[in-house]
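Novice: So I've got this file, upload.cif, and it contains mmCIF, C-alpha atoms:
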```cif
data_coords
#
loop_
_atom_site.group_PDB
_atom_site.id
_atom_site.type_symbol
_atom_site.label_atom_id
_atom_site.label_comp_id
_atom_site.auth_asym_id
_atom_site.auth_seq_id
_atom_site.Cartn_x
_atom_site.Cartn_y
_atom_site.Cartn_z
ATOM 1 C CA MET A 429 6.660 -1.835 -11.807
ATOM 2 C CA PRO A 430 8.375 0.669 -9.488
ATOM 3 C CA ARG A 431 10.202 -0.729 -6.513
ATOM 4 C CA LEU A 432 8.753 -0.069 -3.104
ATOM 5 C CA SER A 433 11.006 0.709 -0.214
ATOM 6 C CA PHE A 434 10.239 0.476 3.475
ATOM 7 C CA ASN A 435 11.758 2.493 6.263
ATOM 8 C CA ARG A 436 11.771 1.549 9.910
ATOM 9 C CA PRO A 437 9.140 3.852 11.446
ATOM 10 C CA VAL A 438 7.872 1.411 14.057
ATOM 11 C CA ALA A 439 11.342 0.443 15.216
ATOM 12 C CA ASN A 440 12.396 4.070 15.413
ATOM 13 C CA LEU A 441 9.184 5.032 17.159
ATOM 14 C CA LEU A 442 9.662 2.345 19.759
ATOM 15 C CA ARG A 443 13.236 3.413 20.378
ATOM 16 C CA ARG A 444 12.219 7.070 20.681
ATOM 17 C CA ASN A 445 9.475 6.070 23.091
ATOM 18 C CA ALA A 446 11.762 3.838 25.167
ATOM 19 C CA HIS A 447 10.947 4.362 28.788
ATOM 20 C CA THR A 448 11.025 2.854 32.232
ATOM 21 C CA GLN A 449 8.296 2.323 34.789
ATOM 22 C CA SER A 450 9.364 5.545 36.467
ATOM 23 C CA ASP A 451 8.835 7.382 33.180
ATOM 24 C CA ILE A 452 5.258 6.146 33.072
ATOM 25 C CA ALA A 453 4.693 7.224 36.648
ATOM 26 C CA ALA A 454 5.931 10.700 35.744
ATOM 27 C CA VAL A 455 3.322 11.105 33.012
ATOM 28 C CA PRO A 456 0.729 13.458 34.495
ATOM 29 C CA THR A 457 -2.295 12.387 32.426
ATOM 30 C CA PRO A 458 -3.258 8.852 31.366
ATOM 31 C CA TYR A 459 -4.782 8.110 27.989
ATOM 32 C CA VAL A 460 -8.407 9.271 27.776
ATOM 33 C CA PRO A 461 -10.452 8.332 24.686
ATOM 34 C CA PRO A 462 -12.283 11.093 22.788
ATOM 35 C CA SER A 463 -15.834 11.963 23.728
ATOM 36 C CA ARG A 464 -18.602 11.173 21.262
ATOM 37 C CA SER A 465 -20.413 14.316 22.433
ATOM 38 C CA ASN A 466 -17.887 16.411 20.521
ATOM 39 C CA ILE A 467 -18.613 14.685 17.235
ATOM 40 C CA GLN A 468 -20.995 16.533 14.953
ATOM 41 C CA GLN A 469 -23.380 15.115 12.404
ATOM 42 C CA LYS A 470 -21.655 13.810 9.290
ATOM 43 C CA LYS A 471 -21.591 16.160 6.328
ATOM 44 C CA GLU A 472 -22.357 15.306 2.744
ATOM 45 C CA GLY A 473 -19.440 15.038 0.372
ATOM 46 C CA ASP A 474 -17.895 12.856 -2.274
ATOM 47 C CA ILE A 475 -15.239 10.162 -2.273
ATOM 48 C CA SER A 476 -12.507 12.762 -1.776
ATOM 49 C CA SER A 477 -14.019 13.415 1.656
ATOM 50 C CA VAL A 478 -12.761 9.991 2.665
ATOM 51 C CA PHE A 479 -9.304 9.914 1.048
ATOM 52 C CA THR A 480 -6.778 12.640 1.804
ATOM 53 C CA SER A 481 -4.811 11.372 -1.209
ATOM 54 C CA LEU A 482 -7.697 12.713 -3.331
ATOM 55 C CA SER A 483 -8.634 15.834 -1.365
ATOM 56 C CA GLY A 484 -5.068 17.060 -0.933
ATOM 57 C CA ALA A 485 -5.649 17.759 2.763
ATOM 58 C CA ALA A 486 -2.521 18.075 4.859
ATOM 59 C CA PRO A 487 -1.804 15.326 7.416
ATOM 60 C CA VAL A 488 -2.906 16.171 10.937
ATOM 61 C CA ALA A 489 -0.621 15.426 13.875
ATOM 62 C CA LEU A 490 -2.102 13.068 16.456
ATOM 63 C CA PRO A 491 -3.064 14.576 19.839
ATOM 64 C CA GLU A 492 -0.795 14.090 22.840
ATOM 65 C CA ARG A 493 -3.050 11.408 24.309
ATOM 66 C CA PHE A 494 -1.659 8.973 21.747
ATOM 67 C CA VAL A 495 1.731 9.215 23.436
ATOM 68 C CA HIS A 496 0.152 7.734 26.545
ATOM 69 C CA LEU A 497 -1.708 5.137 24.517
ATOM 70 C CA LYS A 498 1.450 3.967 22.751
ATOM 71 C CA ARG A 499 3.274 3.692 26.043
ATOM 72 C CA ALA A 500 0.401 1.661 27.474
ATOM 73 C CA ILE A 501 0.478 -0.705 24.497
ATOM 74 C CA ILE A 502 4.243 -1.152 24.429
ATOM 75 C CA GLY A 503 4.660 -1.494 28.173
ATOM 76 C CA SER A 504 7.836 -1.074 30.171
ATOM 77 C CA SER A 505 9.571 -4.337 29.319
ATOM 78 C CA PRO A 506 12.657 -3.925 27.080
ATOM 79 C CA GLU A 507 12.233 -7.560 26.032
ATOM 80 C CA PHE A 508 8.709 -6.884 24.806
ATOM 81 C CA ARG A 509 9.824 -3.783 22.942
ATOM 82 C CA ASP A 510 12.697 -5.642 21.280
ATOM 83 C CA ARG A 511 10.375 -8.485 20.299
ATOM 84 C CA LEU A 512 8.024 -6.026 18.628
ATOM 85 C CA VAL A 513 10.898 -4.378 16.747
ATOM 86 C CA LYS A 514 12.162 -7.766 15.507
ATOM 87 C CA SER A 515 8.665 -8.701 14.408
ATOM 88 C CA TRP A 516 8.422 -5.473 12.393
ATOM 89 C CA GLU A 517 11.782 -6.155 10.753
ATOM 90 C CA ASP A 518 10.625 -9.697 9.957
ATOM 91 C CA LEU A 519 7.521 -8.237 8.306
ATOM 92 C CA LEU A 520 9.637 -5.881 6.202
ATOM 93 C CA GLY A 521 11.646 -8.844 4.955
ATOM 94 C CA SER A 522 8.460 -10.709 4.069
ATOM 95 C CA LEU A 523 7.156 -7.671 2.193
ATOM 96 C CA GLU A 524 10.374 -7.438 0.185
ATOM 97 C CA THR A 525 9.913 -11.072 -0.854
ATOM 98 C CA GLY A 526 6.324 -10.334 -1.807
ATOM 99 C CA ILE A 527 7.384 -7.341 -3.905
ATOM 100 C CA HIS A 528 9.785 -9.502 -5.916
ATOM 101 C CA GLU A 529 6.985 -11.994 -6.522
ATOM 102 C CA ILE A 530 4.643 -9.241 -7.721
ATOM 103 C CA GLU A 531 7.335 -7.904 -10.042
ATOM 104 C CA GLN A 532 7.696 -11.345 -11.601
ATOM 105 C CA LYS A 533 4.021 -12.341 -11.841
ATOM 106 C CA GLY A 534 2.345 -8.975 -12.335
ATOM 107 C CA THR A 535 -1.455 -9.184 -12.303
ATOM 108 C CA GLU A 536 -1.249 -12.970 -12.094
ATOM 109 C CA THR A 537 -0.444 -12.425 -8.425
ATOM 110 C CA ILE A 538 -4.161 -11.827 -7.842
ATOM 111 C CA PRO A 539 -5.980 -15.190 -7.663
ATOM 112 C CA GLU A 540 -8.988 -15.857 -9.883
ATOM 113 C CA VAL A 541 -11.805 -18.377 -9.651
ATOM 114 C CA SER A 542 -14.883 -18.994 -11.768
ATOM 115 C CA PHE A 543 -18.336 -18.668 -10.276
ATOM 116 C CA THR A 544 -19.022 -22.330 -11.012
ATOM 117 C CA GLU A 545 -15.934 -23.471 -9.125
ATOM 118 C CA LEU A 546 -16.587 -21.048 -6.290
ATOM 119 C CA VAL A 547 -20.052 -22.383 -5.487
ATOM 120 C CA SER A 548 -19.169 -26.036 -6.000
ATOM 121 C CA SER A 549 -18.671 -28.335 -3.038
ATOM 122 C CA GLN A 550 -15.027 -28.894 -4.011
ATOM 123 C CA LYS A 551 -12.706 -26.154 -2.812
ATOM 124 C CA GLY A 552 -9.560 -25.824 -4.885
ATOM 125 C CA ALA A 553 -6.137 -24.345 -4.356
ATOM 126 C CA TRP A 554 -7.600 -20.869 -4.842
ATOM 127 C CA VAL A 555 -8.654 -20.822 -1.185
ATOM 128 C CA ASP A 556 -5.075 -20.742 0.121
ATOM 129 C CA ASP A 557 -4.118 -18.180 -2.526
ATOM 130 C CA VAL A 558 -6.969 -15.888 -1.512
ATOM 131 C CA LYS A 559 -6.119 -16.164 2.170
ATOM 132 C CA LYS A 560 -2.551 -15.186 1.346
ATOM 133 C CA ARG A 561 -3.451 -12.271 -0.931
ATOM 134 C CA GLY A 562 -6.650 -11.049 0.707
ATOM 135 C CA VAL A 563 -8.299 -10.498 -2.674
ATOM 136 C CA VAL A 564 -9.892 -12.573 -5.425
ATOM 137 C CA VAL A 565 -11.431 -12.014 -8.851
ATOM 138 C CA VAL A 566 -14.581 -14.093 -9.411
ATOM 139 C CA ARG A 567 -15.313 -14.636 -13.106
ATOM 140 C CA ASP A 568 -18.632 -15.246 -14.909
ATOM 141 C CA VAL A 569 -20.908 -14.345 -12.008
ATOM 142 C CA VAL A 570 -23.486 -12.848 -14.396
ATOM 143 C CA GLU A 571 -23.807 -12.879 -18.164
ATOM 144 C CA ASP A 572 -22.061 -10.084 -20.054
ATOM 145 C CA GLU A 573 -25.386 -8.967 -21.503
ATOM 146 C CA GLN A 574 -26.834 -8.492 -18.030
ATOM 147 C CA ALA A 575 -23.818 -6.522 -16.789
ATOM 148 C CA LEU A 576 -23.932 -4.250 -19.843
ATOM 149 C CA ALA A 577 -27.670 -3.746 -19.381
ATOM 150 C CA TRP A 578 -27.112 -2.576 -15.803
ATOM 151 C CA LYS A 579 -24.429 -0.189 -17.004
ATOM 152 C CA GLN A 580 -26.798 1.252 -19.596
ATOM 153 C CA GLN A 581 -29.504 1.663 -16.946
ATOM 154 C CA VAL A 582 -27.058 3.716 -14.901
ATOM 155 C CA LYS A 583 -26.237 5.924 -17.881
ATOM 156 C CA ASP A 584 -29.953 6.443 -18.548
ATOM 157 C CA TYR A 585 -30.558 7.273 -14.891
ATOM 158 C CA VAL A 586 -27.747 9.820 -14.842
ATOM 159 C CA ALA A 587 -29.009 11.410 -18.062
ATOM 160 C CA ALA A 588 -32.564 11.672 -16.697
ATOM 161 C CA ASN A 589 -31.663 13.216 -13.328
ATOM 162 C CA PRO A 590 -30.011 16.660 -13.403
ATOM 163 C CA GLN A 591 -28.976 16.385 -9.754
ATOM 164 C CA VAL A 592 -26.580 13.528 -10.518
ATOM 165 C CA LYS A 593 -25.505 13.942 -14.129
ATOM 166 C CA GLY A 594 -23.298 17.022 -13.950
ATOM 167 C CA GLY A 595 -19.902 16.708 -15.599
ATOM 168 C CA PHE A 596 -20.741 13.310 -17.118
ATOM 169 C CA PRO A 597 -19.358 12.896 -20.665
ATOM 170 C CA GLU A 598 -21.864 14.157 -23.228
ATOM 171 C CA ARG A 599 -21.809 10.830 -25.064
ATOM 172 C CA PHE A 600 -23.322 9.290 -21.911
ATOM 173 C CA CYS A 601 -25.996 11.987 -21.541
ATOM 174 C CA GLY A 602 -27.633 12.136 -24.935
ATOM 175 C CA GLY A 603 -25.443 15.003 -26.079
ATOM 176 C CA LEU A 604 -26.595 17.319 -23.285
ATOM 177 C CA ALA A 605 -24.181 20.069 -22.312
ATOM 178 C CA LEU A 606 -23.830 19.897 -18.540
ATOM 179 C CA THR A 607 -21.847 21.940 -16.074
ATOM 180 C CA PRO A 608 -19.503 20.434 -13.473
ATOM 181 C CA ASP A 609 -21.629 21.924 -10.660
ATOM 182 C CA ASP A 610 -24.788 19.975 -11.486
ATOM 183 C CA SER A 611 -23.952 17.025 -9.231
ATOM 184 C CA LYS A 612 -21.908 15.637 -6.396
ATOM 185 C CA GLY A 613 -19.138 13.525 -7.827
ATOM 186 C CA PHE A 614 -15.420 13.139 -8.308
ATOM 187 C CA PRO A 615 -13.262 14.382 -9.949
ATOM 188 C CA ALA A 616 -15.142 17.676 -10.116
ATOM 189 C CA ASP A 617 -14.049 18.474 -13.677
ATOM 190 C CA ASN A 618 -14.649 14.975 -15.073
ATOM 191 C CA LYS A 619 -16.931 13.026 -12.774
ATOM 192 C CA GLN A 620 -16.528 9.266 -12.658
ATOM 193 C CA VAL A 621 -17.585 8.471 -9.074
ATOM 194 C CA PHE A 622 -21.138 9.527 -8.256
ATOM 195 C CA GLU A 623 -22.964 9.803 -4.950
ATOM 196 C CA ILE A 624 -25.591 7.361 -6.207
ATOM 197 C CA TYR A 625 -26.359 4.452 -3.903
ATOM 198 C CA TRP A 626 -29.838 3.086 -4.592
ATOM 199 C CA SER A 627 -30.495 3.236 -8.326
ATOM 200 C CA LYS A 628 -32.508 0.374 -9.808
ATOM 201 C CA ALA A 629 -29.447 -1.119 -11.514
ATOM 202 C CA GLN A 630 -27.458 -1.100 -8.269
ATOM 203 C CA VAL A 631 -30.230 -2.774 -6.306
ATOM 204 C CA GLU A 632 -30.744 -5.400 -9.008
ATOM 205 C CA ALA A 633 -27.027 -6.190 -9.134
ATOM 206 C CA ARG A 634 -26.665 -6.468 -5.357
ATOM 207 C CA SER A 635 -29.694 -8.744 -5.081
ATOM 208 C CA HIS A 636 -28.920 -10.972 -8.074
ATOM 209 C CA PRO A 637 -28.965 -14.640 -6.956
ATOM 210 C CA ASN A 638 -25.463 -15.225 -8.301
ATOM 211 C CA LEU A 639 -24.083 -12.197 -6.461
ATOM 212 C CA LEU A 640 -25.634 -13.411 -3.228
ATOM 213 C CA ALA A 641 -24.316 -16.930 -3.848
ATOM 214 C CA THR A 642 -20.843 -15.493 -4.437
ATOM 215 C CA GLN A 643 -20.930 -13.599 -1.138
ATOM 216 C CA LYS A 644 -22.225 -16.619 0.736
ATOM 217 C CA ALA A 645 -19.560 -18.918 -0.712
ATOM 218 C CA LEU A 646 -16.731 -16.521 0.120
ATOM 219 C CA MET A 647 -18.013 -15.873 3.638
ATOM 220 C CA SER A 648 -18.496 -19.527 4.534
ATOM 221 C CA THR A 649 -15.275 -20.704 2.876
ATOM 222 C CA LEU A 650 -12.764 -18.063 3.972
ATOM 223 C CA PHE A 651 -14.031 -16.813 7.325
ATOM 224 C CA HIS A 652 -14.651 -18.564 10.615
ATOM 225 C CA ALA A 653 -15.804 -17.719 14.114
ATOM 226 C CA ASP A 654 -16.274 -19.383 17.457
ATOM 227 C CA PRO A 655 -19.595 -21.286 17.468
ATOM 228 C CA SER A 656 -20.802 -19.089 20.321
ATOM 229 C CA ALA A 657 -20.163 -15.874 18.348
ATOM 230 C CA LEU A 658 -23.339 -14.017 17.360
ATOM 231 C CA VAL A 659 -22.513 -13.865 13.668
ATOM 232 C CA SER A 660 -23.783 -15.665 10.572
ATOM 233 C CA LEU A 661 -21.382 -16.653 7.808
ATOM 234 C CA ASN A 662 -24.239 -17.754 5.566
ATOM 235 C CA THR A 663 -26.292 -14.559 5.465
ATOM 236 C CA PRO A 664 -25.049 -11.891 3.029
ATOM 237 C CA LEU A 665 -25.796 -8.267 3.847
ATOM 238 C CA THR A 666 -26.162 -5.447 1.338
ATOM 239 C CA TYR A 667 -23.273 -2.987 1.175
ATOM 240 C CA ALA A 668 -24.564 0.243 -0.363
ATOM 241 C CA ASP A 669 -21.580 1.823 -2.073
ATOM 242 C CA ARG A 670 -21.067 4.665 -4.496
ATOM 243 C CA LEU A 671 -21.287 4.192 -8.240
ATOM 244 C CA ARG A 672 -18.340 4.491 -10.581
ATOM 245 C CA ILE A 673 -17.989 4.284 -14.338
ATOM 246 C CA ARG A 674 -14.327 4.488 -15.207
ATOM 247 C CA LEU A 675 -13.545 6.328 -18.411
ATOM 248 C CA PRO A 676 -11.387 4.395 -20.894
ATOM 249 C CA GLY A 677 -7.713 5.215 -20.528
ATOM 250 C CA ASP A 678 -8.204 7.379 -17.453
ATOM 251 C CA SER A 679 -5.224 7.532 -15.118
ATOM 252 C CA LYS A 680 -6.183 10.600 -13.072
ATOM 253 C CA PHE A 681 -8.476 8.917 -10.585
ATOM 254 C CA ALA A 682 -6.758 6.348 -8.412
ATOM 255 C CA LEU A 683 -7.130 5.556 -4.732
ATOM 256 C CA GLY A 684 -4.048 5.617 -2.554
ATOM 257 C CA PRO A 685 -3.196 2.767 -0.173
ATOM 258 C CA HIS A 686 -5.913 2.554 2.449
ATOM 259 C CA ILE A 687 -7.766 0.315 4.891
ATOM 260 C CA ASP A 688 -11.547 0.405 5.240
ATOM 261 C CA GLY A 689 -13.317 0.041 8.564
ATOM 262 C CA GLY A 690 -11.539 2.645 10.646
ATOM 263 C CA SER A 691 -7.894 3.586 10.970
ATOM 264 C CA LEU A 692 -6.902 4.904 14.392
ATOM 265 C CA GLU A 693 -9.780 2.900 15.830
ATOM 266 C CA ARG A 694 -7.963 -0.333 15.024
ATOM 267 C CA TRP A 695 -5.534 0.234 17.857
ATOM 268 C CA GLU A 696 -7.164 3.022 19.846
ATOM 269 C CA ASP A 697 -10.358 1.105 20.655
ATOM 270 C CA ALA A 698 -9.444 -1.669 23.126
ATOM 271 C CA PRO A 699 -11.741 -4.401 21.699
ATOM 272 C CA TYR A 700 -10.653 -3.535 18.163
ATOM 273 C CA ARG A 701 -7.018 -3.597 19.246
ATOM 274 C CA ASP A 702 -7.563 -7.083 20.627
ATOM 275 C CA CYS A 703 -8.216 -8.260 17.048
ATOM 276 C CA TYR A 704 -4.518 -7.621 16.438
ATOM 277 C CA ARG A 705 -3.136 -8.917 19.713
ATOM 278 C CA GLU A 706 -0.632 -11.265 18.052
ATOM 279 C CA ILE A 707 0.740 -8.427 15.927
ATOM 280 C CA LEU A 708 1.048 -6.065 18.895
ATOM 281 C CA SER A 709 2.722 -8.767 20.959
ATOM 282 C CA GLY A 710 5.446 -9.281 18.348
ATOM 283 C CA ASN A 711 4.134 -12.364 16.541
ATOM 284 C CA TRP A 712 2.477 -11.095 13.364
ATOM 285 C CA ARG A 713 2.741 -14.466 11.618
ATOM 286 C CA ALA A 714 0.255 -15.922 14.122
ATOM 287 C CA HIS A 715 -2.385 -13.296 13.281
ATOM 288 C CA ASP A 716 -5.601 -14.787 11.869
ATOM 289 C CA ALA A 717 -7.256 -12.166 9.686
ATOM 290 C CA TRP A 718 -10.137 -14.532 8.892
ATOM 291 C CA ASP A 719 -11.475 -14.885 12.434
ATOM 292 C CA VAL A 720 -14.503 -12.630 12.103
ATOM 293 C CA GLY A 721 -15.722 -13.374 15.613
ATOM 294 C CA ARG A 722 -13.041 -11.120 17.084
ATOM 295 C CA ARG A 723 -14.587 -8.108 15.420
ATOM 296 C CA LEU A 724 -17.838 -8.276 17.360
ATOM 297 C CA GLY A 725 -18.326 -5.451 19.848
ATOM 298 C CA ILE A 726 -15.655 -3.173 18.400
ATOM 299 C CA ASN A 727 -15.985 0.559 17.791
ATOM 300 C CA SER A 728 -14.835 1.257 14.244
ATOM 301 C CA ASP A 729 -16.174 4.807 14.205
ATOM 302 C CA ILE A 730 -14.842 6.775 17.153
ATOM 303 C CA TYR A 731 -14.569 9.981 15.142
ATOM 304 C CA GLY A 732 -17.755 9.917 13.050
ATOM 305 C CA GLY A 733 -15.805 9.433 9.829
ATOM 306 C CA PRO A 734 -17.712 10.012 6.549
ATOM 307 C CA SER A 735 -17.004 6.447 5.403
ATOM 308 C CA GLN A 736 -18.301 4.744 8.553
#
```
Translate the structure of the given file into structure tokens.

Specialist:
Amino acid sequence: MPRLSFNRPVANLLRRNAHTQSDIAAVPTPYVPPSRSNIQQKKEGDISSVFTSLSGAAPVALPERFVHLKRAIIGSSPEFRDRLVKSWEDLLGSLETGIHEIEQKGTETIPEVSFTELVSSQKGAWVDDVKKRGVVVVRDVVEDEQALAWKQQVKDYVAANPQVKGGFPERFCGGLALTPDDSKGFPADNKQVFEIYWSKAQVEARSHPNLLATQKALMSTLFHADPSALVSLNTPLTYADRLRIRLPGDSKFALGPHIDGGSLERWEDAPYRDCYREILSGNWRAHDAWDVGRRLGINSDIYGGPSQ
């Protein structure tokens, strides 16, 4: 596994943005959030529309208003700025420790739990592991035969619908010769991710009793919220996502590091930023990522992103 290295962008940014109260007073224009009226209707696309690591689009520099926003967040106190820098350096050290652990354990770093154990009343050590890693593999949710049947239904659906089957391997399409332009999908020359959201197999899988029980168990076990929060941790909702069938041995299609649910919005939108108040105040270890109540009332889609 290649070693990861971390630079000090936050520390350097804070030092470059060091300022006094008089500096703030000299700034002619305060931070003004973007207007929704300038956002056009979302366009159709494929998964590369969401990930610049797939589309190859060049990074776009942030507008000048973010200078004012960063200054407002950091404040004028040198003590606060130094505390934030030290917190970032502490995080880098923790990440280095985590990297060494991943190098030693490999895929065993990701916790696993069986469906039977997950839905039982006894919660094992996997809970703490999942809260540390933020990911879990749940085994034996449905029978292998059922999962393979859903996969075959998808192949049959793709083969029967010219608008979605373009570029699919001929062995999946009854030997039909198809052109890459027959469908929306990615990669364009060897489609593996299709803009299919509501096929019969997808709906059946999402609504399977064991899938719903898995969601319910994870929600009620890992997450929490203030009793007054208008949120249910026992009511799963359907997430309609794209469909992917990964080709054996493929290494071309891989997502880069990313965070769902907005990017700039996480610190540009004031209520969303409040979800990370411990981090932004220089105490990242006190951050509770499992408090779902904080997320109520946020704006995760300021810019009309295609994934929102």

Novice: When you look at segment 527-542 of chain A with a cut-off of 7 Å (counting only C-alpha atoms), what residues show up, excluding the ones that are within fewer than 4 positions of it in the same chain? I need them as a ChimeraX atom specification.

Specialist: /A:429,523,546,554,557-558,561,563-568

Novice: Which one of A:Leu482, A:Ala698, A:Leu692, A:Ile707 sits closest to Phe494 of chain A if you count all atoms listed in the file?

Specialist: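 Nearest candidate to Phe494 of chain A out of A:Leu482, A:Ala698, A:Leu692, A:Ile707: A:Leu692.
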
Novice: Could you list, as a PyMOL selection string, every residue within 10 Å of segment 713-727 of chain A, counting only C-alpha atoms and ignoring same-chain residues fewer than 4 positions away?

Specialist: chain A and resi 515+518-519+559+562+647+650-661+689-690+693-694+696-708+731

Novice: As a check of understanding, name the residues that the PyMOL selection byres ((chain A and resi 481) around 12) selects in the supplied structure, as a list in words.

Specialist: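 So the PyMOL selection byres ((chain A and resi 481) around 12) ends up selecting Ile475, Ser476, Ser477, Val478, Phe479, Thr480, Leu482, Ser483, Gly484, Ala485, Ala486, Pro487, Lys680, Phe681, Ala682, Leu683, Gly684, Pro685 and His686 of chain A.
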
Novice: Record the distance separating atom CA of Gln550 of chain A and atom CA of Lys644 of chain A, expressed in Å with one decimal.

Specialist: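 One can read the atom CA of Gln550 of chain A to atom CA of Lys644 of chain A distance as 15.0 Å.
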
Novice: Could you state the separation of atom CA of Asp678 of chain A and atom CA of Arg634 of chain A in Å, given to one decimal place?

Specialist: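 Computed distance, atom CA of Asp678 of chain A to atom CA of Arg634 of chain A, equals 26.1 Å.
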
Novice: Suppose a student applies the PyMOL selection byres ((chain A and resi 614-629) around 7) to this structure; what residues should they get, written as an MDAnalysis selection string?

Specialist: chainID A and resid 474:475 578 581:582 595:596 608 612:613 630:633 668:674

Novice: May I ask for the distance between atom CA of Asn662 of chain A and atom CA of Ser691 of chain A, given in Å to one decimal place?

Specialist: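 One can read the atom CA of Asn662 of chain A to atom CA of Ser691 of chain A distance as 27.4 Å.
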
Novice: Could you check the closest approach to Val570 of chain A for each of A:Gly503, A:Pro664, A:Pro637, A:Gly521 and tell me which residue wins, using only C-alpha atoms?

Specialist: A:Pro637

Novice: Looking at all atoms listed in the file, which of A:Gly733, A:Arg493, A:Pro676, A:Thr663 is the one that sits closest to Ala645 of chain A?

Specialist: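 Of the candidates, the smallest distance to Ala645 of chain A is held by A:Thr663.
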
Novice: Step by step, gather every atom of segment 663-667 of chain A that the file lists, find the box along x, y and z that holds them, add 5 Å on each side, and finally give centre and edge lengths in Å to one decimal, as lines of an AutoDock Vina configuration file.

Specialist:
```
center_x = -24.8
center_y = -8.8
center_z = 3.3
size_x = 13.0
size_y = 21.6
size_z = 14.3
```

Novice: Taking all atoms listed in the file into account, which of A:Gly710, A:Gln574, A:Gly526, A:Leu512 comes nearest Lys560 of chain A?

Specialist: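 Answer, going by the shortest atom-to-atom distance: A:Gly526.
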